[in-house]
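Printed here is my_file07.txt (compact mmCIF, C-alpha atoms):
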```txt
# COMPACT_ATOMS: atom_id res chain seq x y z
CA MET U 16 114.09 107.86 149.27
CA ARG U 17 116.10 104.68 148.98
CA SER U 18 115.42 102.24 151.77
CA ALA U 19 118.09 99.89 153.07
CA LEU U 20 117.93 96.17 152.58
CA ILE U 21 117.97 94.35 155.92
CA ALA U 22 118.18 90.72 154.86
CA ASP U 23 118.97 88.62 151.84
CA GLU U 24 116.39 88.99 149.13
CA VAL U 25 114.24 86.06 148.09
CA ARG U 26 113.83 85.53 144.36
CA VAL U 27 111.03 83.39 142.97
CA SER U 28 110.96 82.70 139.27
CA ILE U 29 107.44 82.68 137.89
CA ASP U 30 106.36 80.62 134.93
CA CYS U 31 103.36 78.56 135.97
CA ASP U 32 100.30 78.51 138.25
CA ALA U 33 102.13 76.76 141.07
CA ASP U 34 104.78 79.52 141.19
CA ILE U 35 102.04 82.02 142.07
CA VAL U 36 101.27 80.01 145.21
CA SER U 37 104.93 79.58 146.07
CA ALA U 38 105.69 83.31 145.62
CA ARG U 39 102.88 84.37 147.92
CA GLN U 40 103.82 81.75 150.54
CA LYS U 41 107.44 82.95 150.55
CA GLY U 42 106.27 86.56 150.81
CA ARG U 43 104.03 85.71 153.74
CA GLN U 44 106.90 83.90 155.44
CA LEU U 45 109.25 86.86 154.99
CA ALA U 46 106.66 89.37 156.22
CA SER U 47 106.01 87.13 159.19
CA GLN U 48 109.74 87.14 160.07
CA CYS U 49 109.53 90.93 160.04
CA GLY U 50 106.73 90.75 162.62
CA PHE U 51 103.78 91.92 160.52
CA PRO U 52 100.36 91.21 162.07
CA SER U 53 98.22 88.50 160.45
CA THR U 54 95.98 90.94 158.57
CA ASP U 55 99.05 92.40 156.88
CA LEU U 56 100.34 88.93 156.04
CA ALA U 57 97.12 88.24 154.13
CA VAL U 58 97.32 91.65 152.45
CA VAL U 59 100.92 91.11 151.31
CA ALA U 60 100.22 87.54 150.15
CA THR U 61 97.16 88.68 148.17
CA ALA U 62 99.12 91.48 146.48
CA ILE U 63 101.90 89.05 145.51
CA SER U 64 99.31 86.64 144.13
CA GLU U 65 97.84 89.33 141.87
CA LEU U 66 101.23 90.52 140.61
CA ALA U 67 102.53 86.99 140.00
CA ARG U 68 99.36 86.05 138.14
CA ASN U 69 99.78 89.06 135.87
CA ILE U 70 103.23 87.71 134.96
CA VAL U 71 101.86 84.23 134.12
CA ARG U 72 98.90 85.64 132.24
CA TYR U 73 100.52 88.40 130.21
CA ALA U 74 104.25 87.75 130.08
CA VAL U 75 104.36 83.96 130.52
CA ARG U 76 107.47 84.19 132.69
CA GLY U 77 109.20 86.58 135.00
CA GLU U 78 110.36 86.95 138.55
CA VAL U 79 109.12 88.07 141.95
CA ILE U 80 111.76 89.53 144.26
CA LEU U 81 110.97 89.84 147.96
CA ARG U 82 112.96 92.05 150.33
CA LEU U 83 112.73 93.22 153.90
CA VAL U 84 113.60 96.90 153.92
CA ASP U 85 114.29 99.60 156.47
CA ASN U 86 113.55 103.28 156.01
CA ASN U 87 114.85 105.32 158.95
CA GLY U 88 113.88 102.67 161.46
CA GLN U 89 110.58 101.81 159.81
CA ARG U 90 110.52 98.26 158.59
CA GLY U 91 108.63 96.92 155.68
CA ILE U 92 108.47 94.45 152.85
CA GLU U 93 109.19 95.28 149.24
CA VAL U 94 107.91 93.17 146.38
CA VAL U 95 109.17 93.58 142.84
CA ALA U 96 107.34 91.72 140.06
CA ALA U 97 109.32 91.97 136.86
CA ASP U 98 109.00 90.43 133.43
CA ASP U 99 110.24 91.01 129.92
CA GLY U 100 106.87 90.34 128.36
CA PRO U 101 104.89 92.47 125.91
CA GLY U 102 104.53 95.43 128.27
CA ILE U 103 101.39 97.45 128.98
CA PRO U 104 100.34 99.72 126.09
CA ASP U 105 98.28 102.05 128.31
CA ILE U 106 99.14 102.06 132.02
CA GLY U 107 96.36 104.56 132.74
CA LEU U 108 93.78 102.10 131.44
CA ALA U 109 95.41 99.14 133.19
CA MET U 110 95.14 101.00 136.51
CA GLN U 111 91.37 101.44 136.12
CA ASP U 112 89.07 99.14 138.09
CA GLY U 113 87.39 96.64 135.83
CA TYR U 114 89.69 97.05 132.83
CA SER U 115 91.14 93.76 131.61
CA THR U 116 92.42 92.51 128.28
CA SER U 117 92.34 88.87 129.40
CA GLY U 118 88.73 88.41 130.53
CA GLY U 119 89.72 88.77 134.19
CA LEU U 120 88.02 90.98 136.75
CA GLY U 121 90.39 93.86 136.02
CA LEU U 122 91.16 94.42 139.70
CA GLY U 123 94.72 93.11 139.91
CA LEU U 124 96.72 96.33 139.50
CA PRO U 125 94.33 98.91 140.98
CA GLY U 126 93.48 96.49 143.81
CA THR U 127 97.14 95.85 144.56
CA ARG U 128 97.71 99.59 144.76
CA ARG U 129 94.90 99.81 147.34
CA LEU U 130 96.32 96.92 149.34
CA MET U 131 99.87 98.26 149.64
CA ASP U 132 101.34 101.53 150.98
CA GLU U 133 103.50 102.27 147.98
CA PHE U 134 103.07 101.31 144.34
CA GLU U 135 105.29 102.00 141.35
CA ILE U 136 104.91 100.67 137.84
CA THR U 137 107.10 101.00 134.79
CA SER U 138 106.33 99.35 131.51
CA LYS U 139 107.84 99.60 128.08
CA PHE U 140 105.71 98.42 125.22
CA GLY U 141 107.43 95.35 123.78
CA LYS U 142 110.07 95.29 126.53
CA GLY U 143 108.42 94.29 129.77
CA THR U 144 106.86 95.48 132.98
CA SER U 145 108.12 96.01 136.49
CA VAL U 146 105.87 96.65 139.47
CA THR U 147 107.31 97.55 142.87
CA VAL U 148 105.10 97.64 145.96
CA ARG U 149 105.88 98.17 149.63
CA ARG U 150 104.02 97.69 152.84
CA TRP U 151 105.31 99.27 156.04
CA LYS U 152 104.88 97.90 159.52
CA ARG U 153 102.55 100.10 161.54
CA MET Q 8 96.05 69.32 145.48
CA GLN Q 9 92.64 67.84 144.92
CA VAL Q 10 89.76 68.99 147.07
CA PRO Q 11 87.76 66.10 148.54
CA ILE Q 12 84.02 66.28 147.92
CA LEU Q 13 81.77 64.46 150.38
CA LYS Q 14 78.10 63.68 149.93
CA GLN Q 15 75.99 64.24 152.99
CA GLY Q 16 72.28 63.68 152.42
CA ALA Q 17 71.12 66.04 149.71
CA TYR Q 18 74.28 68.13 149.98
CA LEU Q 19 77.82 68.08 148.64
CA ILE Q 20 80.57 69.38 150.90
CA ALA Q 21 83.92 70.39 149.45
CA THR Q 22 86.54 71.11 152.09
CA VAL Q 23 89.62 72.94 150.85
CA GLN Q 24 92.63 71.56 152.74
CA SER Q 25 95.50 73.74 151.56
CA ALA Q 26 96.49 76.48 149.13
CA LEU Q 27 95.01 75.97 145.65
CA THR Q 28 96.61 76.77 142.32
CA ASP Q 29 94.48 78.20 139.51
CA GLU Q 30 94.32 74.73 137.98
CA ASP Q 31 93.15 73.21 141.30
CA LEU Q 32 90.39 75.83 141.44
CA ARG Q 33 89.27 75.02 137.89
CA GLN Q 34 89.21 71.32 138.74
CA LEU Q 35 87.16 71.99 141.86
CA ARG Q 36 84.68 74.04 139.82
CA ASP Q 37 84.30 71.34 137.17
CA ALA Q 38 84.06 68.53 139.75
CA LEU Q 39 81.32 70.32 141.72
CA VAL Q 40 79.28 71.25 138.67
CA GLY Q 41 79.57 67.68 137.40
CA GLN Q 42 78.85 66.00 140.74
CA VAL Q 43 75.83 68.12 141.58
CA SER Q 44 73.76 66.57 138.81
CA LYS Q 45 75.30 63.11 139.13
CA VAL Q 46 74.20 62.74 142.76
CA ARG Q 47 71.19 65.06 142.38
CA ALA Q 48 72.44 67.30 145.15
CA ARG Q 49 70.23 70.18 146.28
CA GLY Q 50 72.97 72.15 147.93
CA VAL Q 51 76.74 72.62 147.85
CA ILE Q 52 79.01 73.87 150.60
CA VAL Q 53 82.54 75.03 149.80
CA ASP Q 54 84.56 75.31 153.01
CA VAL Q 55 87.47 77.73 152.51
CA THR Q 56 88.57 77.97 156.16
CA ALA Q 57 92.05 76.70 155.20
CA LEU Q 58 92.63 79.38 152.53
CA ASP Q 59 94.94 82.20 153.64
CA VAL Q 60 94.49 84.05 150.35
CA ILE Q 61 91.40 84.49 148.18
CA ASP Q 62 92.58 86.59 145.27
CA SER Q 63 90.76 87.79 142.15
CA PHE Q 64 91.02 84.46 140.34
CA ALA Q 65 89.78 82.45 143.32
CA THR Q 66 86.90 84.88 143.84
CA ARG Q 67 85.87 84.70 140.20
CA THR Q 68 86.03 80.90 140.23
CA LEU Q 69 83.98 80.61 143.45
CA ARG Q 70 81.43 83.00 141.96
CA ASP Q 71 81.30 80.94 138.76
CA VAL Q 72 80.78 77.75 140.81
CA ALA Q 73 77.82 79.30 142.64
CA HIS Q 74 76.23 80.63 139.46
CA MET Q 75 76.74 77.40 137.49
CA ILE Q 76 75.28 75.32 140.31
CA LYS Q 77 72.35 77.72 140.53
CA LEU Q 78 71.68 77.03 136.85
CA ARG Q 79 71.67 73.33 137.70
CA GLY Q 80 68.94 74.04 140.24
CA ALA Q 81 70.94 73.79 143.46
CA GLU Q 82 72.21 76.26 146.06
CA THR Q 83 75.82 77.01 146.94
CA VAL Q 84 77.16 78.49 150.14
CA ILE Q 85 80.78 79.49 150.73
CA VAL Q 86 81.79 79.05 154.36
CA GLY Q 87 84.78 79.92 156.52
CA ILE Q 88 86.27 83.04 154.89
CA GLN Q 89 88.83 84.16 157.49
CA PRO Q 90 88.67 87.76 158.80
CA GLU Q 91 92.05 88.80 157.35
CA VAL Q 92 91.11 87.20 154.01
CA ALA Q 93 87.83 89.16 154.01
CA PHE Q 94 89.80 92.35 154.74
CA SER Q 95 92.15 91.77 151.81
CA MET Q 96 89.29 90.88 149.45
CA VAL Q 97 87.41 94.09 150.22
CA LYS Q 98 90.57 96.21 149.86
CA LEU Q 99 91.29 94.59 146.52
CA GLY Q 100 87.72 95.34 145.41
CA LEU Q 101 86.46 91.76 145.34
CA THR Q 102 82.90 90.86 146.18
CA LEU Q 103 80.96 87.63 146.14
CA GLU Q 104 77.81 89.35 145.04
CA GLY Q 105 74.90 86.99 144.55
CA VAL Q 106 76.74 84.22 146.39
CA ALA Q 107 75.62 82.99 149.81
CA THR Q 108 78.27 82.96 152.54
CA SER Q 109 78.19 81.67 156.11
CA LEU Q 110 80.52 81.85 159.07
CA ASP Q 111 81.29 78.13 159.21
CA LEU Q 112 80.13 74.67 158.12
CA GLU Q 113 77.41 74.49 160.77
CA GLU Q 114 75.92 77.83 159.70
CA GLY Q 115 76.22 76.81 156.06
CA LEU Q 116 74.24 73.63 156.67
CA ALA Q 117 71.61 75.61 158.59
CA TYR Q 118 71.37 78.02 155.64
CA LEU Q 119 70.81 75.19 153.14
CA ASN Q 120 68.27 73.56 155.46
CA ARG Q 121 66.32 76.79 155.68
CA LYS Q 122 66.53 77.24 151.90
CA GLY Q 123 65.36 73.77 151.01
CA ASN Q 124 63.75 72.63 154.26
CA GLY Q 125 66.21 69.71 154.14
CA SER Q 126 63.78 67.62 152.10
CA GLY Q 127 65.43 68.26 148.78
CA TYR Q 128 62.57 70.43 147.61
CA GLU Q 129 62.47 74.12 148.03
CA VAL Q 130 59.66 75.28 150.23
CA ARG Q 131 58.60 78.84 149.57
CA THR Q 132 57.40 80.79 152.52
CA HIS Q 133 55.44 83.99 152.20
CA ARG Q 134 56.01 86.77 154.67
```
Have the structure of the file written as structure tokens, please.
Amino acid sequence: MRSALIADEVRVSIDCDADIVSARQKGRQLASQCGFPSTDLAVVATAISELARNIVRYAVRGEVILRLVDNNGQRGIEVVAADDGPGIPDIGLAMQDGYSTSGGLGLGLPGTRRLMDEFEITSKFGKGTSVTVRRWKR
Amino acid sequence: MQVPILKQGAYLIATVQSALTDEDLRQLRDALVGQVSKVRARGVIVDVTALDVIDSFATRTLRDVAHMIKLRGAETVIVGIQPEVAFSMVKLGLTLEGVATSLDLEEGLAYLNRKGNGSGYEVRTHR
């Protein structure tokens, strides 16, 4: 189901460490405007941090798009992390806890899925990756 | 954003003041591991009360700090992880296994004092 956009989207271009911090701070701010409780603000900010770091680490540059959305009266935040990097050769593997090709902890994608209510990933080998996550207000 | 490191007796105290980039975290790690031998510290406290996010990279770096300092013969305790940060860490699957944590600075100091009896030498007690 397509949810309606209820405010202007915030776009953060990602190409260095500092952009990871700025993306998660903007996401927290937006979620806070929507009235999310503080636990959810930390959850959303952590998820954005993981997704933005994946961009820096694997694709070098990309973009995080933040939106407040409405689905039949239920409000939430949608985060899209998109890049045109090398893509993920095996999404199944990338979604497994502890699997990493960069020496990281391998928790970024599976952990982000646990943090958020909805998680979608599309990746084309050689073309890029797009991850969309949503968290709904309880 | 550099993290100030204070020396208090046999301990080093690093108080994080604001959000840290990955590079800031690496600098903090290197500074602590370097300082601990320079000043012959017996314990290190990293106060993360000000952090509103501790993600996988921050967790790994804090864990590395504790393990590296352990290899230098000193103890590390991470203090001040906020409740909502702890919630997110657990959901994400992050643990600080093998790393001492305390509620706040006061508890962290008490932990180090118990560990080393405050004298700079570890006193082993048998139960």
Within 10 Å of chain Q: each chain U residue with its shortest pair, all atoms listed in the file, as a Markdown table:
```
| residue | atom | partner | partner_atom | distance |
| --- | --- | --- | --- | --- |
| U:Cys31 | CA | Q:Thr28 | CA | 9.4 |
| U:Asp32 | CA | Q:Thr28 | CA | 5.8 |
| U:Ala33 | CA | Q:Thr28 | CA | 5.7 |
| U:Asp34 | CA | Q:Thr28 | CA | 8.7 |
| U:Ile35 | CA | Q:Thr28 | CA | 7.6 |
| U:Val36 | CA | Q:Thr28 | CA | 6.4 |
| U:Ser37 | CA | Q:Ala26 | CA | 9.5 |
| U:Arg39 | CA | Q:Val60 | CA | 8.7 |
| U:Gln40 | CA | Q:Ala26 | CA | 9.1 |
| U:Arg43 | CA | Q:Asp59 | CA | 9.7 |
| U:Pro52 | CA | Q:Glu91 | CA | 9.9 |
| U:Ser53 | CA | Q:Glu91 | CA | 6.9 |
| U:Thr54 | CA | Q:Glu91 | CA | 4.6 |
| U:Asp55 | CA | Q:Glu91 | CA | 7.9 |
| U:Leu56 | CA | Q:Glu91 | CA | 8.4 |
| U:Ala57 | CA | Q:Glu91 | CA | 6.0 |
| U:Val58 | CA | Q:Ser95 | CA | 5.2 |
| U:Val59 | CA | Q:Ser95 | CA | 8.8 |
| U:Ala60 | CA | Q:Val60 | CA | 6.7 |
| U:Thr61 | CA | Q:Val60 | CA | 5.8 |
| U:Ala62 | CA | Q:Asp62 | CA | 8.3 |
| U:Ile63 | CA | Q:Asp62 | CA | 9.6 |
| U:Ser64 | CA | Q:Asp62 | CA | 6.8 |
| U:Glu65 | CA | Q:Asp62 | CA | 6.8 |
| U:Arg68 | CA | Q:Phe64 | CA | 8.8 |
| U:Asp112 | CA | Q:Gly100 | CA | 8.4 |
| U:Gly113 | CA | Q:Gly100 | CA | 9.7 |
| U:Gly119 | CA | Q:Phe64 | CA | 7.6 |
| U:Leu120 | CA | Q:Ser63 | CA | 6.8 |
| U:Gly121 | CA | Q:Ser63 | CA | 8.6 |
| U:Leu122 | CA | Q:Gly100 | CA | 6.7 |
| U:Gly123 | CA | Q:Ser63 | CA | 7.0 |
| U:Leu124 | CA | Q:Leu99 | CA | 9.0 |
| U:Pro125 | CA | Q:Leu99 | CA | 7.7 |
| U:Gly126 | CA | Q:Leu99 | CA | 4.0 |
| U:Thr127 | CA | Q:Leu99 | CA | 6.3 |
| U:Arg128 | CA | Q:Leu99 | CA | 8.3 |
| U:Arg129 | CA | Q:Lys98 | CA | 6.2 |
| U:Leu130 | CA | Q:Lys98 | CA | 5.8 |
| U:Met131 | CA | Q:Lys98 | CA | 9.5 |
```
| request: Work out how far CA of Ile29 in chain U is from CA of Val75 in chain U, in Å to one decimal. | output: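 Straight-line distance from CA of Val75 in chain U to CA of Ile29 in chain U works out to 8.1 Å.
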What's around Arg149 in chain U at 9 Å? Count all atoms listed in the file, leave out sequence neighbours fewer than 5 positions away in its own chain, and write the answer as a tab-separated table (two decimals) with C-alpha atoms, keeping the file's coordinate frame.
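In the end it all went to part-v4.tsv:
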```
chain	number	residue	atom	x	y	z
U	59	VAL	CA	100.92	91.11	151.31
U	84	VAL	CA	113.60	96.90	153.92
U	91	GLY	CA	108.63	96.92	155.68
U	92	ILE	CA	108.47	94.45	152.85
U	93	GLU	CA	109.19	95.28	149.24
U	94	VAL	CA	107.91	93.17	146.38
U	95	VAL	CA	109.17	93.58	142.84
U	131	MET	CA	99.87	98.26	149.64
U	132	ASP	CA	101.34	101.53	150.98
U	133	GLU	CA	103.50	102.27	147.98
U	134	PHE	CA	103.07	101.31	144.34
```
Separating CA of Asp98 in chain U from CA of Leu69 in chain Q, to the nearest tenth of an Å, is a gap of 28.7 Å
>> If we count all atoms listed in the file and set the cut-off at 12 Å, which residues sit around Asp54 in chain Q, ignoring sequence neighbours fewer than 2 positions away in its own chain? Please answer as number ranges by chain.
In response: Q: 10-13, 19-25, 35, 51-52, 56-58, 69, 83-89, 108-116
**Q.** Surrounding residues of Thr144 in chain U excluding itself and chain neighbours under 2 positions, 8 Å, all atoms listed in the file, as a list in words
**A.**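 Within the cut-off, the hits are Ala97, Asp98, Asp99, Gly100, Pro101, Gly102, Ile103, Ile136, Thr137, Ser138, Lys139, Lys142 and Val146 of chain U.
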Neighbouring residues of Val43 in chain Q were defined as those with any atom within 9 Å, considering only C-alpha atoms; residues of the same chain fewer than 4 positions away were excluded. Please report them as JSON, numbers by chain. {"Q": [18, 19, 38, 39, 47, 48, 49, 50, 51, 76, 79, 81]}
To one decimal place in Å, what is the distance between CA of Ala117 in chain Q and CA of Ala17 in chain Q?
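One can read the CA of Ala117 in chain Q to CA of Ala17 in chain Q distance as 13.1 Å.
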#### Entry: Shortest interatomic distance to Ser47 in chain U - which of U:Ile70, U:Lys152, U:Pro104, U:Val27, counting all atoms listed in the file
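Ranked by minimum distance to Ser47 in chain U, first place goes to U:Lys152.
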